[in-house]
Amino acid sequence: MTTDAARGAAAEPANLPDASGHFGRFGGRFAPEALMAALDELTREFAAAMQDPAFTAELNDLLANYAGRPSLLTEARRFAEHAGGARVLLKREDLNHTGSHKINNVLGQALLTRRMGKRRVIAETGAGQHGVATATAAALLGLECTVYMGEVDTRRQALNVARMRMLGAEVIPVRTGSRTLKDACNEAFRDWVATVDHTHYCVGSTMGPHPFPMMVRDLHRVIGVEARAQALELTGRLPDAIVACVGGGSNAIGAFHAFIPDEGVRLYGFEAGGDGVETGRHAATLAGGSLGVIHGMRTFLLQDDDGQTLETHSVSAGLDYPGVGPEHSWLFETGRATYRAVTDAEAMEAFGLLCRTEGIIPAIESAHALAGALKVGRELGPDAVLLVCLSGRGDKDMHTAAEWFGFMDAEESAQ
């Protein structure tokens, strides 16, 4: 239980990564020689921008008057009746412009693109939330935009594909590999190697070579900073637990980071357990992975004995990724955060429960956090306060949800 002594301004977060971009033995920079100069430039420019009052003032203005920050903190009283009676507070990133937390990071990176004198951004996306946010920021700042998306994901997130194109972005379906997020990342890196002189790769999660995991974290840290102050104002103390879903881990690290120094606050990340970790059809990197290198970083990933990346499965396109951000690997290994897997069925049960009890339709990604909150609440008991990062809204997932719950068949949902 967190005491009143913990009140006040957020404590300083852990002083990581180090100068070489490492979180302990994780992170670093594993990238082609052609990208090293661009990564060095990005490291310098981001550090300078965050010390530039004009840059931070413009970013803060956009976050407040374009994205809609601060996002609300909503108490979910009827949902909490199913979580052992613990109080459940929802950090409403779903209410941001474009419908998810992704806009926090993208606005910063788009401003940085302009500051570096580049005219084009590229992005990868799974569920489409990051793609829509990138297309939105590019339109706002007059940048060219190309988004890579696995062919499988373009079908299950067709509405977001239309939104990106409406915003002026070129969406390129990726037809290699498993045709999901991992393969979209591969193609985005290939594009960046060839166009780095005028293009910035707007990475959408706390992944990739240094400085991306640090930069994306710092741009999402606003989630936890706001939540910390809001929880203190609402309840008079810090939460007992912060709960978030984890694919690459951007919303989770944003929610966790301001609380890392608060030893009395437990951090819980919930991965995509798919059909169950024991079946092999899942995307639970920390529950079932091992140390390796993927997309420019050393981290835990799903791989076979020969080091080949395994195909993943999740009902959530946004969590369907075989790796995880290196800071999450460090939090996992040091024990500061606890990571568990939630199955598709458990996530969809929580999805429906939040709809029926609170009138809020969450993204399926966020439903993994909600399912985790039900478990954590029952474990910690009725005196506990849980803060759940509701990372996105579920409009994009209506076809999947309608099929899952039998409101539409596959043929109807495809129309």
# chains A, B, ... in the order shown; residues from 1 in each chain; ligands from 1
$ select_by_dssp --residues "range 32-206 of chain A" --states "alpha helix (DSSP H)" --output "PyMOL selection string"
chain A and resi 33-50+53-62+77-80+102-115+129-141+151-156+158-166+181-195
$ select_by_dssp --residues "range 269-389 of chain A" --states "strand (DSSP E or B)" --output "tab-separated table (two decimals) with N, CA, C and O atoms, in the first residue's frame"
chain	number	residue	atom	x	y	z
A	269	GLY	N	2.20	-5.72	-16.77
A	269	GLY	CA	1.99	-5.71	-18.20
A	269	GLY	C	1.35	-7.01	-18.64
A	269	GLY	O	1.76	-8.08	-18.18
A	270	PHE	N	0.36	-6.93	-19.52
A	270	PHE	CA	-0.35	-8.13	-19.97
A	270	PHE	C	-0.15	-8.31	-21.47
A	270	PHE	O	-0.52	-7.45	-22.27
A	271	GLU	N	0.46	-9.44	-21.82
A	271	GLU	CA	0.79	-9.76	-23.21
A	271	GLU	C	-0.33	-10.56	-23.86
A	271	GLU	O	-1.23	-11.07	-23.19
A	272	ALA	N	-0.21	-10.69	-25.19
A	272	ALA	CA	-1.21	-11.42	-25.96
A	272	ALA	C	-0.95	-12.92	-25.87
A	272	ALA	O	-0.04	-13.43	-26.53
A	273	GLY	N	-1.76	-13.61	-25.08
A	273	GLY	CA	-1.61	-15.05	-24.90
A	273	GLY	C	-2.27	-15.87	-25.99
A	273	GLY	O	-2.12	-17.10	-25.99
A	274	GLY	N	-2.99	-15.21	-26.91
A	274	GLY	CA	-3.60	-15.92	-28.04
A	274	GLY	C	-4.46	-17.10	-27.60
A	274	GLY	O	-5.36	-16.96	-26.76
A	283	ALA	N	1.48	-14.38	-28.75
A	283	ALA	CA	2.48	-13.33	-28.99
A	283	ALA	C	3.02	-12.86	-27.64
A	283	ALA	O	3.31	-11.67	-27.46
A	290	SER	N	12.95	-15.63	-25.62
A	290	SER	CA	14.33	-15.74	-25.16
A	290	SER	C	15.12	-14.57	-25.73
A	290	SER	O	14.66	-13.86	-26.63
A	291	LEU	N	16.33	-14.38	-25.23
A	291	LEU	CA	17.13	-13.22	-25.61
A	291	LEU	C	17.62	-13.33	-27.05
A	291	LEU	O	18.12	-14.37	-27.47
A	292	GLY	N	17.47	-12.23	-27.78
A	292	GLY	CA	17.92	-12.20	-29.17
A	292	GLY	C	17.91	-10.78	-29.70
A	292	GLY	O	17.74	-9.82	-28.94
A	293	VAL	N	18.09	-10.67	-31.01
A	293	VAL	CA	18.11	-9.35	-31.65
A	293	VAL	C	17.03	-9.31	-32.72
A	293	VAL	O	16.92	-10.22	-33.54
A	294	ILE	N	16.23	-8.24	-32.69
A	294	ILE	CA	15.19	-8.05	-33.70
A	294	ILE	C	15.00	-6.56	-33.91
A	294	ILE	O	15.05	-5.77	-32.96
A	297	MET	N	17.42	-4.05	-32.01
A	297	MET	CA	17.56	-4.01	-30.54
A	297	MET	C	17.78	-5.41	-30.00
A	297	MET	O	17.32	-6.40	-30.58
A	298	ARG	N	18.45	-5.51	-28.84
A	298	ARG	CA	18.55	-6.78	-28.13
A	298	ARG	C	17.46	-6.81	-27.08
A	298	ARG	O	17.33	-5.89	-26.26
A	299	THR	N	16.67	-7.85	-27.13
A	299	THR	CA	15.52	-7.93	-26.23
A	299	THR	C	15.01	-9.36	-26.20
A	299	THR	O	15.57	-10.25	-26.84
A	300	PHE	N	13.96	-9.61	-25.45
A	300	PHE	CA	13.31	-10.91	-25.51
A	300	PHE	C	12.44	-10.97	-26.76
A	300	PHE	O	11.74	-10.01	-27.10
A	301	LEU	N	12.50	-12.11	-27.44
A	301	LEU	CA	11.66	-12.30	-28.62
A	301	LEU	C	11.31	-13.77	-28.77
A	301	LEU	O	11.94	-14.65	-28.16
A	303	GLN	N	11.52	-16.96	-30.81
A	303	GLN	CA	12.41	-17.48	-31.85
A	303	GLN	C	12.59	-18.98	-31.63
A	303	GLN	O	12.40	-19.51	-30.53
A	309	THR	N	12.86	-16.02	-36.19
A	309	THR	CA	11.69	-15.46	-35.53
A	309	THR	C	10.45	-16.30	-35.80
A	309	THR	O	10.20	-16.71	-36.95
A	323	GLY	N	8.45	-9.41	-30.68
A	323	GLY	CA	9.42	-8.80	-29.77
A	323	GLY	C	8.74	-7.89	-28.77
A	323	GLY	O	7.51	-7.78	-28.73
A	337	ALA	N	8.73	-4.92	-12.79
A	337	ALA	CA	7.38	-5.09	-13.34
A	337	ALA	C	7.08	-6.58	-13.52
A	337	ALA	O	7.99	-7.39	-13.71
A	338	THR	N	5.80	-6.91	-13.45
A	338	THR	CA	5.34	-8.28	-13.64
A	338	THR	C	4.60	-8.38	-14.97
A	338	THR	O	3.75	-7.52	-15.27
A	339	TYR	N	4.93	-9.40	-15.75
A	339	TYR	CA	4.29	-9.57	-17.05
A	339	TYR	C	3.60	-10.94	-17.09
A	339	TYR	O	4.19	-11.94	-16.68
A	340	ARG	N	2.38	-10.94	-17.58
A	340	ARG	CA	1.61	-12.17	-17.69
A	340	ARG	C	0.92	-12.20	-19.06
A	340	ARG	O	0.78	-11.17	-19.72
A	341	ALA	N	0.45	-13.36	-19.42
A	341	ALA	CA	-0.26	-13.52	-20.69
A	341	ALA	C	-1.76	-13.59	-20.45
A	341	ALA	O	-2.22	-14.17	-19.46
A	342	VAL	N	-2.52	-12.97	-21.34
A	342	VAL	CA	-3.98	-13.03	-21.34
A	342	VAL	C	-4.41	-13.66	-22.65
A	342	VAL	O	-3.96	-13.25	-23.72
A	343	THR	N	-5.27	-14.65	-22.61
A	343	THR	CA	-5.70	-15.32	-23.84
A	343	THR	C	-6.69	-14.45	-24.61
A	343	THR	O	-7.28	-13.50	-24.07
A	362	PRO	N	-13.69	-0.60	-25.72
A	362	PRO	CA	-12.22	-0.45	-25.75
A	362	PRO	C	-11.62	-1.09	-26.99
A	362	PRO	O	-12.24	-1.93	-27.64
A	385	VAL	N	-6.40	0.06	-5.22
A	385	VAL	CA	-6.72	1.00	-6.30
A	385	VAL	C	-5.88	0.62	-7.51
A	385	VAL	O	-4.65	0.58	-7.41
A	386	LEU	N	-6.53	0.31	-8.62
A	386	LEU	CA	-5.84	-0.06	-9.86
A	386	LEU	C	-6.01	1.05	-10.88
A	386	LEU	O	-7.11	1.59	-11.05
A	387	LEU	N	-4.93	1.38	-11.55
A	387	LEU	CA	-5.00	2.35	-12.63
A	387	LEU	C	-4.70	1.61	-13.93
A	387	LEU	O	-3.61	1.06	-14.10
A	388	VAL	N	-5.67	1.58	-14.83
A	388	VAL	CA	-5.57	0.84	-16.08
A	388	VAL	C	-5.43	1.81	-17.24
A	388	VAL	O	-6.23	2.74	-17.38
A	389	CYS	N	-4.41	1.60	-18.07
A	389	CYS	CA	-4.25	2.44	-19.25
A	389	CYS	C	-5.18	1.92	-20.35
A	389	CYS	O	-4.95	0.85	-20.91
$ atom_distance --atom1 "CA of Leu181 in chain A" --atom2 "CA of Ala138 in chain A"
20.9 Å
$ residues_around --residues "range 368-374 of chain A" --least-positions-apart "2" --cutoff "10 Å" --atoms "only C-alpha atoms" --output "PyMOL selection string"
chain A and resi 79-86+88+90+241-246+252+268-273+316+319+339-351+353-354+362-366+376-379+386-391
$ residues_around --residues "Gly296 in chain A" --least-positions-apart "5" --cutoff "6 Å" --atoms "only C-alpha atoms" --output "list in words"
Arg29, Phe30, Ala31, Gly208 and Pro209 of chain A
$ write_last_selection --atoms "all heavy atoms" --output "PDB file, in the first residue's frame"
ATOM      1  N   ARG A  29      22.099  -0.747 -30.325  1.00  0.00           N
ATOM      2  CA  ARG A  29      21.878  -0.310 -31.704  1.00  0.00           C
ATOM      3  C   ARG A  29      22.441  -1.364 -32.649  1.00  0.00           C
ATOM      4  O   ARG A  29      23.657  -1.483 -32.819  1.00  0.00           O
ATOM      5  CB  ARG A  29      22.544   1.045 -31.936  1.00  0.00           C
ATOM      6  CG  ARG A  29      22.327   1.622 -33.309  1.00  0.00           C
ATOM      7  CD  ARG A  29      23.081   2.937 -33.449  1.00  0.00           C
ATOM      8  NE  ARG A  29      22.457   4.025 -32.700  1.00  0.00           N
ATOM      9  CZ  ARG A  29      22.954   5.264 -32.651  1.00  0.00           C
ATOM     10  NH1 ARG A  29      24.071   5.540 -33.322  1.00  0.00           N
ATOM     11  NH2 ARG A  29      22.339   6.211 -31.956  1.00  0.00           N
ATOM     12  N   PHE A  30      21.579  -2.165 -33.257  1.00  0.00           N
ATOM     13  CA  PHE A  30      21.957  -3.187 -34.232  1.00  0.00           C
ATOM     14  C   PHE A  30      21.309  -2.787 -35.562  1.00  0.00           C
ATOM     15  O   PHE A  30      20.162  -3.147 -35.835  1.00  0.00           O
ATOM     16  CB  PHE A  30      21.488  -4.570 -33.782  1.00  0.00           C
ATOM     17  CG  PHE A  30      22.087  -5.003 -32.461  1.00  0.00           C
ATOM     18  CD1 PHE A  30      21.527  -4.594 -31.260  1.00  0.00           C
ATOM     19  CD2 PHE A  30      23.228  -5.799 -32.432  1.00  0.00           C
ATOM     20  CE1 PHE A  30      22.081  -4.979 -30.046  1.00  0.00           C
ATOM     21  CE2 PHE A  30      23.791  -6.185 -31.226  1.00  0.00           C
ATOM     22  CZ  PHE A  30      23.219  -5.766 -30.024  1.00  0.00           C
ATOM     23  N   ALA A  31      22.036  -2.010 -36.345  1.00  0.00           N
ATOM     24  CA  ALA A  31      21.444  -1.429 -37.555  1.00  0.00           C
ATOM     25  C   ALA A  31      22.470  -1.418 -38.674  1.00  0.00           C
ATOM     26  O   ALA A  31      23.687  -1.425 -38.427  1.00  0.00           O
ATOM     27  CB  ALA A  31      20.969  -0.004 -37.251  1.00  0.00           C
ATOM     28  N   GLY A 208      13.199  -0.866 -31.583  1.00  0.00           N
ATOM     29  CA  GLY A 208      14.132  -0.405 -32.586  1.00  0.00           C
ATOM     30  C   GLY A 208      15.478  -0.035 -31.987  1.00  0.00           C
ATOM     31  O   GLY A 208      15.707  -0.148 -30.785  1.00  0.00           O
ATOM     32  N   PRO A 209      16.405   0.413 -32.842  1.00  0.00           N
ATOM     33  CA  PRO A 209      17.733   0.809 -32.360  1.00  0.00           C
ATOM     34  C   PRO A 209      17.668   2.125 -31.595  1.00  0.00           C
ATOM     35  O   PRO A 209      16.776   2.949 -31.827  1.00  0.00           O
ATOM     36  CB  PRO A 209      18.529   0.949 -33.662  1.00  0.00           C
ATOM     37  CG  PRO A 209      17.499   1.300 -34.703  1.00  0.00           C
ATOM     38  CD  PRO A 209      16.264   0.546 -34.320  1.00  0.00           C
TER      39      PRO A 209
END
$ residues_around --residues "Met36 in chain A" --least-positions-apart "3" --cutoff "12 Å" --atoms "only C-alpha atoms" --output "list in words"
Arg29, Phe30, Ala31, Pro32, Glu33, Leu39, Asp40, Glu41, Leu42, Thr43, Trp192, Val193, Val196, Pro209, His210, Pro211 and Gly296 of chain A
$ atom_distance --atom1 "CA of Gly27 in chain A" --atom2 "CA of Pro326 in chain A"
5.0 Å
